[in-house]
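The next block is start09.pdb, given as PDB, C-alpha atoms and all ligand atoms.
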```pdb
ATOM      1  CA  MET A 159     -41.565  55.336 -25.724
ATOM      2  CA  SER A 160     -38.833  56.576 -28.094
ATOM      3  CA  THR A 161     -36.538  54.110 -29.849
ATOM      4  CA  GLU A 162     -33.562  55.592 -28.009
ATOM      5  CA  ILE A 163     -35.148  54.897 -24.633
ATOM      6  CA  GLU A 164     -36.122  51.358 -25.632
ATOM      7  CA  LEU A 165     -32.541  50.713 -26.761
ATOM      8  CA  ARG A 166     -31.150  52.245 -23.569
ATOM      9  CA  ASP A 167     -33.406  50.121 -21.397
ATOM     10  CA  LEU A 168     -32.478  46.962 -23.296
ATOM     11  CA  ALA A 169     -28.753  47.809 -23.036
ATOM     12  CA  SER A 170     -29.181  48.442 -19.295
ATOM     13  CA  GLU A 171     -30.981  45.187 -18.585
ATOM     14  CA  ILE A 172     -28.434  43.125 -20.530
ATOM     15  CA  ALA A 173     -25.432  45.002 -19.069
ATOM     16  CA  LYS A 174     -26.630  44.208 -15.540
ATOM     17  CA  GLU A 175     -27.182  40.527 -16.296
ATOM     18  CA  ALA A 176     -23.801  40.315 -18.064
ATOM     19  CA  GLY A 177     -22.045  42.173 -15.240
ATOM     20  CA  GLU A 178     -23.463  39.815 -12.643
ATOM     21  CA  LEU A 179     -22.146  36.868 -14.678
ATOM     22  CA  ALA A 180     -18.694  38.525 -14.828
ATOM     23  CA  ARG A 181     -18.778  39.116 -11.065
ATOM     24  CA  ARG A 182     -19.714  35.476 -10.334
ATOM     25  CA  ARG A 183     -16.978  34.190 -12.640
ATOM     26  CA  ARG A 184     -14.473  36.540 -10.956
ATOM     27  CA  ALA A 185     -15.385  35.093  -7.551
ATOM     28  CA  GLU A 186     -14.849  31.559  -8.887
ATOM     29  CA  GLY A 187     -11.354  32.430 -10.198
ATOM     30  CA  VAL A 188     -10.124  33.931 -13.461
ATOM     31  CA  HIS A 189      -8.846  31.711 -16.276
ATOM     32  CA  LEU A 190      -6.697  33.284 -18.963
ATOM     33  CA  ALA A 191      -7.920  32.216 -22.429
ATOM     34  CA  ALA A 192      -5.256  33.871 -24.645
ATOM     35  CA  THR A 193      -3.073  36.886 -25.235
ATOM     36  CA  LYS A 194      -3.929  39.177 -28.142
ATOM     37  CA  SER A 195      -1.957  42.126 -29.580
ATOM     38  CA  SER A 196       0.850  41.795 -26.996
ATOM     39  CA  ILE A 197       1.648  39.753 -23.898
ATOM     40  CA  ALA A 198      -0.046  42.466 -21.782
ATOM     41  CA  ASP A 199      -3.255  42.317 -23.856
ATOM     42  CA  ILE A 200      -5.189  39.398 -22.394
ATOM     43  CA  VAL A 201      -8.582  37.791 -22.798
ATOM     44  CA  THR A 202     -10.126  35.635 -20.078
ATOM     45  CA  GLU A 203     -12.673  32.871 -20.489
ATOM     46  CA  ALA A 204     -15.135  35.207 -18.767
ATOM     47  CA  ASP A 205     -14.695  37.896 -21.493
ATOM     48  CA  ARG A 206     -15.800  35.353 -24.097
ATOM     49  CA  GLU A 207     -18.642  33.885 -22.038
ATOM     50  CA  VAL A 208     -19.990  37.345 -21.128
ATOM     51  CA  GLU A 209     -19.863  38.512 -24.751
ATOM     52  CA  ALA A 210     -21.713  35.346 -25.850
ATOM     53  CA  LEU A 211     -24.449  36.045 -23.279
ATOM     54  CA  ILE A 212     -24.820  39.663 -24.474
ATOM     55  CA  ARG A 213     -24.898  38.566 -28.097
ATOM     56  CA  ASP A 214     -27.575  35.921 -27.392
ATOM     57  CA  ARG A 215     -29.767  38.346 -25.464
ATOM     58  CA  LEU A 216     -29.511  40.988 -28.224
ATOM     59  CA  ARG A 217     -30.264  38.418 -30.923
ATOM     60  CA  GLU A 218     -33.391  37.271 -29.020
ATOM     61  CA  ALA A 219     -34.620  40.850 -28.483
ATOM     62  CA  ARG A 220     -33.598  42.436 -31.813
ATOM     63  CA  PRO A 221     -32.708  39.760 -34.381
ATOM     64  CA  GLY A 222     -32.201  42.226 -37.273
ATOM     65  CA  ASP A 223     -29.518  44.412 -35.656
ATOM     66  CA  GLY A 224     -25.783  44.263 -36.374
ATOM     67  CA  PHE A 225     -23.136  43.434 -33.770
ATOM     68  CA  LEU A 226     -19.568  44.631 -33.184
ATOM     69  CA  GLY A 227     -17.918  43.166 -30.098
ATOM     70  CA  GLU A 228     -14.395  42.878 -28.763
ATOM     71  CA  GLU A 229     -14.282  39.080 -28.594
ATOM     72  CA  SER A 230     -16.228  37.747 -31.602
ATOM     73  CA  GLU A 231     -16.741  38.252 -35.336
ATOM     74  CA  PRO A 232     -18.799  41.301 -36.352
ATOM     75  CA  THR A 233     -22.099  40.866 -38.175
ATOM     76  CA  SER A 234     -24.038  43.477 -40.122
ATOM     77  CA  GLY A 235     -27.808  43.710 -39.713
ATOM     78  CA  GLU A 236     -30.777  44.949 -41.710
ATOM     79  CA  THR A 237     -32.190  47.579 -39.329
ATOM     80  CA  GLY A 238     -29.345  50.109 -39.598
ATOM     81  CA  ILE A 239     -28.676  49.688 -35.859
ATOM     82  CA  THR A 240     -25.451  48.071 -34.625
ATOM     83  CA  TRP A 241     -24.630  47.048 -31.059
ATOM     84  CA  VAL A 242     -21.087  47.892 -29.998
ATOM     85  CA  VAL A 243     -20.044  45.780 -27.035
ATOM     86  CA  ASP A 244     -17.118  45.419 -24.668
ATOM     87  CA  PRO A 245     -18.037  42.484 -22.398
ATOM     88  CA  ILE A 246     -15.341  43.323 -19.833
ATOM     89  CA  ASP A 247     -13.596  46.668 -20.229
ATOM     90  CA  GLY A 248     -10.682  46.641 -17.820
ATOM     91  CA  THR A 249      -9.752  42.999 -18.356
ATOM     92  CA  VAL A 250      -6.324  43.382 -16.747
ATOM     93  CA  ASN A 251      -7.959  44.847 -13.612
ATOM     94  CA  TYR A 252     -10.485  41.997 -13.701
ATOM     95  CA  ALA A 253      -7.713  39.420 -13.893
ATOM     96  CA  TYR A 254      -5.876  41.095 -10.991
ATOM     97  CA  GLY A 255      -9.003  41.217  -8.779
ATOM     98  CA  SER A 256      -9.348  44.998  -9.001
ATOM     99  CA  PRO A 257     -12.936  46.332  -9.031
ATOM    100  CA  MET A 258     -12.320  48.790 -11.923
ATOM    101  CA  TYR A 259     -13.928  46.837 -14.728
ATOM    102  CA  ALA A 260     -17.257  47.261 -16.509
ATOM    103  CA  VAL A 261     -19.614  45.934 -19.144
ATOM    104  CA  SER A 262     -20.145  48.471 -21.950
ATOM    105  CA  ILE A 263     -23.030  48.216 -24.440
ATOM    106  CA  ALA A 264     -23.988  50.856 -27.026
ATOM    107  CA  ALA A 265     -26.490  51.018 -29.877
ATOM    108  CA  VAL A 266     -25.414  53.124 -32.856
ATOM    109  CA  GLN A 267     -27.040  54.020 -36.154
ATOM    110  CA  GLY A 268     -25.202  53.899 -39.460
ATOM    111  CA  SER A 269     -22.034  52.062 -40.354
ATOM    112  CA  ALA A 270     -19.889  50.340 -37.731
ATOM    113  CA  ASP A 271     -17.379  53.206 -38.013
ATOM    114  CA  PRO A 272     -17.116  55.528 -34.988
ATOM    115  CA  ASP A 273     -16.370  58.517 -37.208
ATOM    116  CA  SER A 274     -19.643  58.226 -39.083
ATOM    117  CA  TRP A 275     -22.074  56.448 -36.771
ATOM    118  CA  GLU A 276     -24.687  58.206 -34.695
ATOM    119  CA  PRO A 277     -24.790  56.916 -31.092
ATOM    120  CA  LEU A 278     -28.373  56.265 -29.926
ATOM    121  CA  ALA A 279     -28.074  54.666 -26.498
ATOM    122  CA  GLY A 280     -25.533  53.243 -24.097
ATOM    123  CA  ALA A 281     -25.091  51.516 -20.758
ATOM    124  CA  VAL A 282     -21.939  50.998 -18.689
ATOM    125  CA  TYR A 283     -22.342  48.707 -15.674
ATOM    126  CA  SER A 284     -19.761  48.421 -12.923
ATOM    127  CA  PRO A 285     -20.537  45.105 -11.177
ATOM    128  CA  ALA A 286     -18.169  45.698  -8.253
ATOM    129  CA  ALA A 287     -19.764  49.064  -7.403
ATOM    130  CA  GLY A 288     -23.288  48.059  -8.480
ATOM    131  CA  GLU A 289     -23.380  51.276 -10.548
ATOM    132  CA  LEU A 290     -25.278  51.567 -13.830
ATOM    133  CA  PHE A 291     -24.494  54.566 -16.075
ATOM    134  CA  THR A 292     -26.940  55.071 -18.950
ATOM    135  CA  ALA A 293     -27.663  57.511 -21.745
ATOM    136  CA  ALA A 294     -30.089  57.896 -24.639
ATOM    137  CA  ARG A 295     -29.651  60.450 -27.427
ATOM    138  CA  GLY A 296     -31.342  63.717 -26.481
ATOM    139  CA  GLN A 297     -32.487  62.320 -23.109
ATOM    140  CA  GLY A 298     -29.477  63.000 -20.889
ATOM    141  CA  ALA A 299     -27.155  60.690 -18.955
ATOM    142  CA  ARG A 300     -27.906  59.023 -15.639
ATOM    143  CA  LEU A 301     -26.298  57.087 -12.822
ATOM    144  CA  GLY A 302     -29.204  54.927 -11.687
ATOM    145  CA  GLU A 303     -32.049  57.469 -11.583
ATOM    146  CA  GLN A 304     -29.792  60.470 -10.979
ATOM    147  CA  ARG A 305     -29.211  62.908 -13.878
ATOM    148  CA  LEU A 306     -25.505  63.527 -14.617
ATOM    149  CA  SER A 307     -23.595  66.648 -15.655
ATOM    150  CA  VAL A 308     -19.928  67.113 -16.383
ATOM    151  CA  ASN A 309     -17.797  69.527 -14.350
ATOM    152  CA  GLU A 310     -17.376  72.890 -16.018
ATOM    153  CA  SER A 311     -15.282  74.648 -13.398
ATOM    154  CA  THR A 312     -11.779  73.507 -12.456
ATOM    155  CA  PRO A 313     -10.254  76.260 -10.292
ATOM    156  CA  ALA A 314      -7.476  74.022  -8.937
ATOM    157  CA  GLY A 315      -6.640  72.531 -12.345
ATOM    158  CA  ALA A 316      -8.321  69.556 -13.985
ATOM    159  CA  LEU A 317      -8.490  66.056 -12.529
ATOM    160  CA  LEU A 318      -7.671  64.043 -15.639
ATOM    161  CA  GLY A 319      -7.772  60.393 -16.618
ATOM    162  CA  THR A 320      -5.752  58.691 -19.319
ATOM    163  CA  GLY A 321      -4.572  55.276 -20.460
ATOM    164  CA  PHE A 322      -1.647  53.704 -22.265
ATOM    165  CA  GLY A 323      -1.433  51.233 -25.130
ATOM    166  CA  TYR A 324      -0.554  47.577 -24.562
ATOM    167  CA  ASP A 325       2.355  47.789 -27.011
ATOM    168  CA  PRO A 326       5.502  48.885 -25.097
ATOM    169  CA  ALA A 327       6.677  50.712 -28.253
ATOM    170  CA  THR A 328       3.872  53.229 -27.705
ATOM    171  CA  HIS A 329       4.730  54.075 -24.097
ATOM    172  CA  ASP A 330       7.280  56.841 -24.738
ATOM    173  CA  GLY A 331       4.882  58.745 -26.995
ATOM    174  CA  ASP A 332       1.924  58.330 -24.618
ATOM    175  CA  LEU A 333       4.042  59.460 -21.664
ATOM    176  CA  ALA A 334       5.284  62.519 -23.591
ATOM    177  CA  THR A 335       1.667  63.484 -24.363
ATOM    178  CA  THR A 336       0.731  62.979 -20.725
ATOM    179  CA  ARG A 337       3.628  65.165 -19.612
ATOM    180  CA  SER A 338       2.438  68.041 -21.780
ATOM    181  CA  VAL A 339      -1.199  67.703 -20.674
ATOM    182  CA  MET A 340      -0.124  67.675 -17.007
ATOM    183  CA  THR A 341       0.495  71.435 -17.291
ATOM    184  CA  MET A 342      -3.294  71.919 -16.916
ATOM    185  CA  ALA A 343      -3.884  69.150 -14.362
ATOM    186  CA  ARG A 344      -4.400  69.102 -10.628
ATOM    187  CA  ASP A 345      -3.705  65.342 -10.763
ATOM    188  CA  LEU A 346      -3.903  62.305 -13.012
ATOM    189  CA  ARG A 347      -5.710  58.934 -12.774
ATOM    190  CA  ARG A 348      -5.114  55.776 -14.836
ATOM    191  CA  SER A 349      -8.021  53.498 -13.969
ATOM    192  CA  GLY A 350      -7.514  50.748 -16.570
ATOM    193  CA  SER A 351     -11.078  50.988 -17.936
ATOM    194  CA  ALA A 352     -11.850  53.525 -20.651
ATOM    195  CA  ALA A 353     -15.594  52.877 -20.289
ATOM    196  CA  LEU A 354     -15.433  53.809 -16.597
ATOM    197  CA  ASP A 355     -13.159  56.804 -17.271
ATOM    198  CA  LEU A 356     -15.770  58.221 -19.657
ATOM    199  CA  SER A 357     -18.609  57.390 -17.252
ATOM    200  CA  TYR A 358     -16.676  59.219 -14.533
ATOM    201  CA  VAL A 359     -16.251  62.299 -16.762
ATOM    202  CA  ALA A 360     -20.035  62.247 -17.301
ATOM    203  CA  ALA A 361     -20.557  61.978 -13.526
ATOM    204  CA  GLY A 362     -18.093  64.778 -12.675
ATOM    205  CA  ARG A 363     -15.730  62.323 -10.958
ATOM    206  CA  LEU A 364     -13.074  63.301 -13.517
ATOM    207  CA  ASP A 365     -12.823  66.661 -15.288
ATOM    208  CA  GLY A 366     -11.452  65.176 -18.485
ATOM    209  CA  TYR A 367     -10.036  62.028 -20.078
ATOM    210  CA  PHE A 368      -7.808  61.439 -23.088
ATOM    211  CA  GLU A 369      -6.302  58.311 -24.615
ATOM    212  CA  ARG A 370      -4.726  57.219 -27.867
ATOM    213  CA  GLY A 371      -5.516  53.943 -29.638
ATOM    214  CA  LEU A 372      -8.919  53.098 -28.131
ATOM    215  CA  LYS A 373     -11.093  50.584 -29.941
ATOM    216  CA  PRO A 374     -14.730  51.449 -30.831
ATOM    217  CA  TRP A 375     -16.136  49.179 -28.084
ATOM    218  CA  ASP A 376     -13.988  50.909 -25.443
ATOM    219  CA  PHE A 377     -15.714  54.269 -25.914
ATOM    220  CA  ALA A 378     -19.023  53.831 -27.835
ATOM    221  CA  ALA A 379     -21.266  53.931 -24.742
ATOM    222  CA  GLY A 380     -19.014  56.181 -22.632
ATOM    223  CA  ALA A 381     -18.710  58.892 -25.285
ATOM    224  CA  LEU A 382     -22.517  59.183 -25.497
ATOM    225  CA  LEU A 383     -22.653  59.438 -21.683
ATOM    226  CA  VAL A 384     -20.250  62.412 -21.751
ATOM    227  CA  VAL A 385     -22.135  64.229 -24.523
ATOM    228  CA  GLU A 386     -25.511  63.622 -22.858
ATOM    229  CA  ALA A 387     -24.048  64.931 -19.579
ATOM    230  CA  GLY A 388     -23.281  68.223 -21.377
ATOM    231  CA  GLY A 389     -19.631  67.515 -22.192
ATOM    232  CA  ARG A 390     -17.639  67.227 -25.379
ATOM    233  CA  VAL A 391     -15.846  64.330 -27.061
ATOM    234  CA  SER A 392     -13.463  64.617 -30.033
ATOM    235  CA  ARG A 393     -11.367  62.153 -31.950
ATOM    236  CA  ILE A 394      -8.278  63.469 -33.713
ATOM    237  CA  ASP A 395      -5.607  61.809 -35.858
ATOM    238  CA  VAL A 396      -8.292  59.405 -37.105
ATOM    239  CA  ALA A 397      -6.258  58.511 -40.191
ATOM    240  CA  THR A 398      -3.438  57.132 -38.003
ATOM    241  CA  PRO A 399      -3.325  53.683 -36.378
ATOM    242  CA  ARG A 400      -3.865  55.242 -32.923
ATOM    243  CA  PRO A 401      -6.469  58.036 -33.018
ATOM    244  CA  MET A 402      -6.674  60.218 -29.898
ATOM    245  CA  LEU A 403      -9.952  60.557 -27.995
ATOM    246  CA  ILE A 404     -10.377  63.725 -25.905
ATOM    247  CA  SER A 405     -13.300  64.316 -23.547
ATOM    248  CA  GLY A 406     -14.408  66.649 -20.773
ATOM    249  CA  GLY A 407     -16.438  69.726 -19.972
ATOM    250  CA  THR A 408     -16.105  72.278 -22.797
ATOM    251  CA  ALA A 409     -13.204  74.269 -21.311
ATOM    252  CA  VAL A 410     -11.184  71.200 -20.294
ATOM    253  CA  HIS A 411     -11.862  69.442 -23.600
ATOM    254  CA  ASP A 412     -10.788  72.513 -25.580
ATOM    255  CA  ARG A 413      -7.638  73.009 -23.502
ATOM    256  CA  ILE A 414      -6.560  69.360 -23.966
ATOM    257  CA  CYS A 415      -7.216  69.650 -27.732
ATOM    258  CA  ASP A 416      -5.125  72.786 -27.788
ATOM    259  CA  ILE A 417      -2.177  71.216 -25.943
ATOM    260  CA  ILE A 418      -2.245  67.973 -27.923
ATOM    261  CA  GLY A 419      -2.797  69.819 -31.199
ATOM    262  CA  LYS A 420       0.336  71.870 -30.577
ATOM    263  CA  GLU A 421       2.311  68.811 -29.594
ATOM    264  CA  THR A 422       1.527  66.715 -32.698
TER     265      THR A 422
HETATM  266  C1  LIG A 501      -8.618  48.564 -22.235
HETATM  267  C2  LIG A 501      -9.035  49.495 -21.122
HETATM  268  C3  LIG A 501      -7.875  50.407 -20.746
HETATM  269  C4  LIG A 501      -7.387  51.188 -21.924
HETATM  270  C5  LIG A 501      -7.035  50.267 -23.069
HETATM  271  C6  LIG A 501      -8.215  49.365 -23.417
HETATM  272  P1  LIG A 501      -9.685  46.098 -22.268
HETATM  273  O1  LIG A 501      -9.672  47.702 -22.624
HETATM  274  O2  LIG A 501     -10.133  50.282 -21.513
HETATM  275  O3  LIG A 501      -8.239  51.343 -19.760
HETATM  276  O4  LIG A 501      -6.253  51.919 -21.530
HETATM  277  O5  LIG A 501      -6.723  51.104 -24.160
HETATM  278  O6  LIG A 501      -7.852  48.497 -24.455
HETATM  279  O7  LIG A 501      -8.537  45.483 -23.011
HETATM  280  O8  LIG A 501      -9.540  45.988 -20.802
HETATM  281  O9  LIG A 501     -11.027  45.671 -22.771
HETATM  282 CA    CA A 502     -11.947  47.562 -23.701
END
```
In structure tokens, how does this file's structure come out?
Amino acid sequence: MSTEIELRDLASEIAKEAGELARRRRAEGVHLAATKSSIADIVTEADREVEALIRDRLREARPGDGFLGEESEPTSGETGITWVVDPIDGTVNYAYGSPMYAVSIAAVQGSADPDSWEPLAGAVYSPAAGELFTAARGQGARLGEQRLSVNESTPAGALLGTGFGYDPATHDGDLATTRSVMTMARDLRRSGSAALDLSYVAAGRLDGYFERGLKPWDFAAGALLVVEAGGRVSRIDVATPRPMLISGGTAVHDRICDIIGKET
């Protein structure tokens, strides 16, 4: 079995166990642990507990690997492989009782920098839907056993997803970008989980997705899913505090890049 497939299978197994823990904790009632970058940017006790479970499982299975997670201190490893983890992507949805949240786990090679690492494997698990999206480099993307491919044809305009930053000072700029991209859209979705948005692009449930200011753990697994489903992912403005991620089938991806490139 290739390393990529072993990493994918490990990510999948842990994502399912972690997602079931998140789902149980959700049923018991959500407890806010803290706010982070702004009052809208929250962390629940479940985010921390789920990340600790993922970290423990990875340490048991692959003690030499590095770790970069949303809720704990990063560690570098000796194997050249780093796990990039969002224990609950869509925390605000989770806190509100909405099903659009997911566990996202990726294994990357190289430094813990998304602009230089090489993604090897990823899993995004949606506990509420019981859906597991997985990918391994060179091996395609899957939903369960089913092979995924992005949409290439959008005759009625593209069904697009996006998201907005937690900092209210960023809303005007993000809305202006969205307004310009709407010229190519049939409609727009804002799910509240970047990991699911990217999984949905891979599955052809969205034609494209763009968002400024994502963190590495928001998109590490999802970006590999899109590429392995035959789509494209770009990051632009990487030297700014809020780089833009653009994804979709080739035509949709290129059109969004074109519109946003002209706008900035
Ligand atoms: C957030 C979600 C949201 C996106 C934000 C992310 P979190 O992650 O992915 O959809 O718009 O940019 O920070 O805080 O729920 O883990
Ligand atoms: Ca996230």
Please evaluate the PyMOL selection byres (((not hetatm)) within 12 of (chain A and resi 502)) against the displayed coordinates and give the resulting residues as an MDAnalysis selection string.
-> chainID A and resid 199:201 205 227:229 242:252 258:263 282 321 323:324 350:355 371:380
Take the PyMOL selection byres (((chain A and resi 180-182) around 8) and not hetatm), apply it to the structure above, and return the hits as a PyMOL selection string.
-> chain A and resi 176-179+183-186+204-205+208+246+285-286
Draw an axis-aligned box over all listed atoms of ligand LIG 501 (chain A), pad each side with 3 Å, and write its centre and edge lengths in Å, one decimal, as JSON.
```
{"center_x": -8.6, "center_y": 48.7, "center_z": -22.1, "size_x": 10.8, "size_y": 12.4, "size_z": 10.7}
```
For the structure shown, which residues end up in the PyMOL selection byres (((chain A and resi 160) around 12) and not hetatm)? Put them as a ChimeraX atom specification, please?
-> /A:159,161-167,278-279,294-297
How about saving the chosen residues, C-alpha atoms kept, as an mmCIF file, in the coordinates of the input?
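part_24.cif written:
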```cif
data_model
loop_
_atom_site.group_PDB
_atom_site.id
_atom_site.type_symbol
_atom_site.label_atom_id
_atom_site.label_comp_id
_atom_site.auth_asym_id
_atom_site.auth_seq_id
_atom_site.Cartn_x
_atom_site.Cartn_y
_atom_site.Cartn_z
ATOM 1 C CA MET A 159 -41.565 55.336 -25.724
ATOM 2 C CA THR A 161 -36.538 54.110 -29.849
ATOM 3 C CA GLU A 162 -33.562 55.592 -28.009
ATOM 4 C CA ILE A 163 -35.148 54.897 -24.633
ATOM 5 C CA GLU A 164 -36.122 51.358 -25.632
ATOM 6 C CA LEU A 165 -32.541 50.713 -26.761
ATOM 7 C CA ARG A 166 -31.150 52.245 -23.569
ATOM 8 C CA ASP A 167 -33.406 50.121 -21.397
ATOM 9 C CA LEU A 278 -28.373 56.265 -29.926
ATOM 10 C CA ALA A 279 -28.074 54.666 -26.498
ATOM 11 C CA ALA A 294 -30.089 57.896 -24.639
ATOM 12 C CA ARG A 295 -29.651 60.450 -27.427
ATOM 13 C CA GLY A 296 -31.342 63.717 -26.481
ATOM 14 C CA GLN A 297 -32.487 62.320 -23.109
#
```
For A:Ser357, work out the shell of residues within 12 Å, counting all atoms listed in the file and skipping chain neighbours fewer than 5 positions away, then give it as a VMD selection string.
-> chain A and resid 258 to 262 280 to 284 289 to 293 299 to 301 306 to 308 319 349 351 to 352 362 to 367 376 to 387 389 405 to 406
Emit the selected residues as a CSV table (one decimal), in the coordinates of the input, including C-alpha atoms.
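Resulting contents of result.csv:
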```csv
chain,number,residue,atom,x,y,z
A,258,MET,CA,-12.3,48.8,-11.9
A,259,TYR,CA,-13.9,46.8,-14.7
A,260,ALA,CA,-17.3,47.3,-16.5
A,261,VAL,CA,-19.6,45.9,-19.1
A,262,SER,CA,-20.1,48.5,-22.0
A,280,GLY,CA,-25.5,53.2,-24.1
A,281,ALA,CA,-25.1,51.5,-20.8
A,282,VAL,CA,-21.9,51.0,-18.7
A,283,TYR,CA,-22.3,48.7,-15.7
A,284,SER,CA,-19.8,48.4,-12.9
A,289,GLU,CA,-23.4,51.3,-10.5
A,290,LEU,CA,-25.3,51.6,-13.8
A,291,PHE,CA,-24.5,54.6,-16.1
A,292,THR,CA,-26.9,55.1,-19.0
A,293,ALA,CA,-27.7,57.5,-21.7
A,299,ALA,CA,-27.2,60.7,-19.0
A,300,ARG,CA,-27.9,59.0,-15.6
A,301,LEU,CA,-26.3,57.1,-12.8
A,306,LEU,CA,-25.5,63.5,-14.6
A,307,SER,CA,-23.6,66.6,-15.7
A,308,VAL,CA,-19.9,67.1,-16.4
A,319,GLY,CA,-7.8,60.4,-16.6
A,349,SER,CA,-8.0,53.5,-14.0
A,351,SER,CA,-11.1,51.0,-17.9
A,352,ALA,CA,-11.8,53.5,-20.7
A,362,GLY,CA,-18.1,64.8,-12.7
A,363,ARG,CA,-15.7,62.3,-11.0
A,364,LEU,CA,-13.1,63.3,-13.5
A,365,ASP,CA,-12.8,66.7,-15.3
A,366,GLY,CA,-11.5,65.2,-18.5
A,367,TYR,CA,-10.0,62.0,-20.1
A,376,ASP,CA,-14.0,50.9,-25.4
A,377,PHE,CA,-15.7,54.3,-25.9
A,378,ALA,CA,-19.0,53.8,-27.8
A,379,ALA,CA,-21.3,53.9,-24.7
A,380,GLY,CA,-19.0,56.2,-22.6
A,381,ALA,CA,-18.7,58.9,-25.3
A,382,LEU,CA,-22.5,59.2,-25.5
A,383,LEU,CA,-22.7,59.4,-21.7
A,384,VAL,CA,-20.2,62.4,-21.8
A,385,VAL,CA,-22.1,64.2,-24.5
A,386,GLU,CA,-25.5,63.6,-22.9
A,387,ALA,CA,-24.0,64.9,-19.6
A,389,GLY,CA,-19.6,67.5,-22.2
A,405,SER,CA,-13.3,64.3,-23.5
A,406,GLY,CA,-14.4,66.6,-20.8
```
Could you give me, as a ChimeraX atom specification, the residues within 8 Å of stretch 238-241 of chain A, counting all atoms listed in the file and dropping anything in the same chain fewer than 6 positions from it?
-> /A:223-227,263-270
Rounded to one decimal place, report the atom CA of A:Ser274-atom CA of A:Phe368 distance in Å.
->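 Result for atom CA of A:Ser274 versus atom CA of A:Phe368: 20.2 Å, one decimal.
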Go ahead and compute the interatomic distance for atom CA of A:Val391 and atom CA of A:Glu276, in Å to one decimal.
->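 Atom-to-atom, atom CA of A:Val391 and atom CA of A:Glu276 are spaced 13.2 Å apart.
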Interatomic distance between atom CA of A:Ile212 and atom CA of A:Asp271?
->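 If I compute the distance from atom CA of A:Ile212 to atom CA of A:Asp271, I get 20.5 Å.
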Near A:Arg370, counting all atoms listed in the file, which residues have an atom at most 9 Å away, once you skip same-chain residues fewer than 6 positions from it, shown as a PyMOL selection string?
-> chain A and resi 320-323+332+400-404
Selection near A:Cys415, 9 Å with all atoms listed in the file, sequence-local residues under 5 positions removed, as number ranges by chain = A: 392, 394, 404, 410, 420
Would you mind telling me which residue in A:Ala253, A:Ala327, A:Ala397, A:Ala169 lies nearest to ligand LIG 501 (chain A) when using only C-alpha atoms and all ligand atoms?
->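 Nearest to ligand LIG 501 (chain A): A:Ala253.
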Can you pull out every residue within 12 Å of A:Ile417, counting all atoms listed in the file, but drop anything in the same chain fewer than 6 positions away, and send it as a count of residues only?
-> 14
Pick from A:Glu303, A:Glu209, A:Glu175, A:Glu310: nearest to ligand LIG 501 (chain A), with all atoms listed in the file counted?
->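 The answer is A:Glu209, which sits nearest to ligand LIG 501 (chain A).
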In terms of the shortest atom-to-atom distance over only C-alpha atoms and all ligand atoms, which of A:Val396, A:Ala191, A:Ala219, A:Ala198 is closest to ligand LIG 501 (chain A)?
-> A:Ala198
From the list A:Val188, A:Ile172, A:Gly288, A:Trp275, which residue is nearest A:Asp214 when using all atoms listed in the file?
->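 Closest to A:Asp214 of all the choices is A:Ile172.
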Nearest to A:Arg215, chosen from A:Thr408, A:Asn309, A:Ser230, A:Ser170, with all atoms listed in the file counted in the distances =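 Among A:Thr408, A:Asn309, A:Ser230, A:Ser170, it is A:Ser170 that comes nearest to A:Arg215.
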Nearest-residue call for ligand LIG 501 (chain A), choices A:Arg348, A:His189, A:Arg413, A:Arg305, using only C-alpha atoms and all ligand atoms =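 Of the candidates, the smallest distance to ligand LIG 501 (chain A) is held by A:Arg348.
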File contents for stretch 245-251 of chain A with N, CA, C and O atoms as a PDB file, in the first residue's frame:
```
ATOM      1  N   PRO A 245     -10.419  20.556  14.176  1.00  0.00           N
ATOM      2  CA  PRO A 245     -11.253  19.559  14.854  1.00  0.00           C
ATOM      3  C   PRO A 245     -12.744  19.756  14.558  1.00  0.00           C
ATOM      4  O   PRO A 245     -13.479  18.791  14.376  1.00  0.00           O
ATOM      5  N   ILE A 246     -13.177  21.029  14.533  1.00  0.00           N
ATOM      6  CA  ILE A 246     -14.551  21.336  14.134  1.00  0.00           C
ATOM      7  C   ILE A 246     -14.482  22.563  13.230  1.00  0.00           C
ATOM      8  O   ILE A 246     -14.267  23.678  13.700  1.00  0.00           O
ATOM      9  N   ASP A 247     -14.625  22.340  11.928  1.00  0.00           N
ATOM     10  CA  ASP A 247     -14.687  23.470  11.001  1.00  0.00           C
ATOM     11  C   ASP A 247     -16.168  23.791  10.812  1.00  0.00           C
ATOM     12  O   ASP A 247     -16.953  22.929  10.428  1.00  0.00           O
ATOM     13  N   GLY A 248     -16.506  25.047  11.124  1.00  0.00           N
ATOM     14  CA  GLY A 248     -17.930  25.408  11.172  1.00  0.00           C
ATOM     15  C   GLY A 248     -18.385  25.496  12.624  1.00  0.00           C
ATOM     16  O   GLY A 248     -19.506  25.105  12.964  1.00  0.00           O
ATOM     17  N   THR A 249     -17.508  26.030  13.470  1.00  0.00           N
ATOM     18  CA  THR A 249     -17.812  26.056  14.911  1.00  0.00           C
ATOM     19  C   THR A 249     -19.062  26.880  15.224  1.00  0.00           C
ATOM     20  O   THR A 249     -19.824  26.520  16.123  1.00  0.00           O
ATOM     21  N   VAL A 250     -19.269  27.967  14.483  1.00  0.00           N
ATOM     22  CA  VAL A 250     -20.463  28.784  14.771  1.00  0.00           C
ATOM     23  C   VAL A 250     -21.726  27.973  14.437  1.00  0.00           C
ATOM     24  O   VAL A 250     -22.696  27.943  15.219  1.00  0.00           O
ATOM     25  N   ASN A 251     -21.710  27.261  13.305  1.00  0.00           N
ATOM     26  CA  ASN A 251     -22.842  26.379  12.979  1.00  0.00           C
ATOM     27  C   ASN A 251     -23.046  25.351  14.086  1.00  0.00           C
ATOM     28  O   ASN A 251     -24.176  25.082  14.510  1.00  0.00           O
TER      29      ASN A 251
END
```
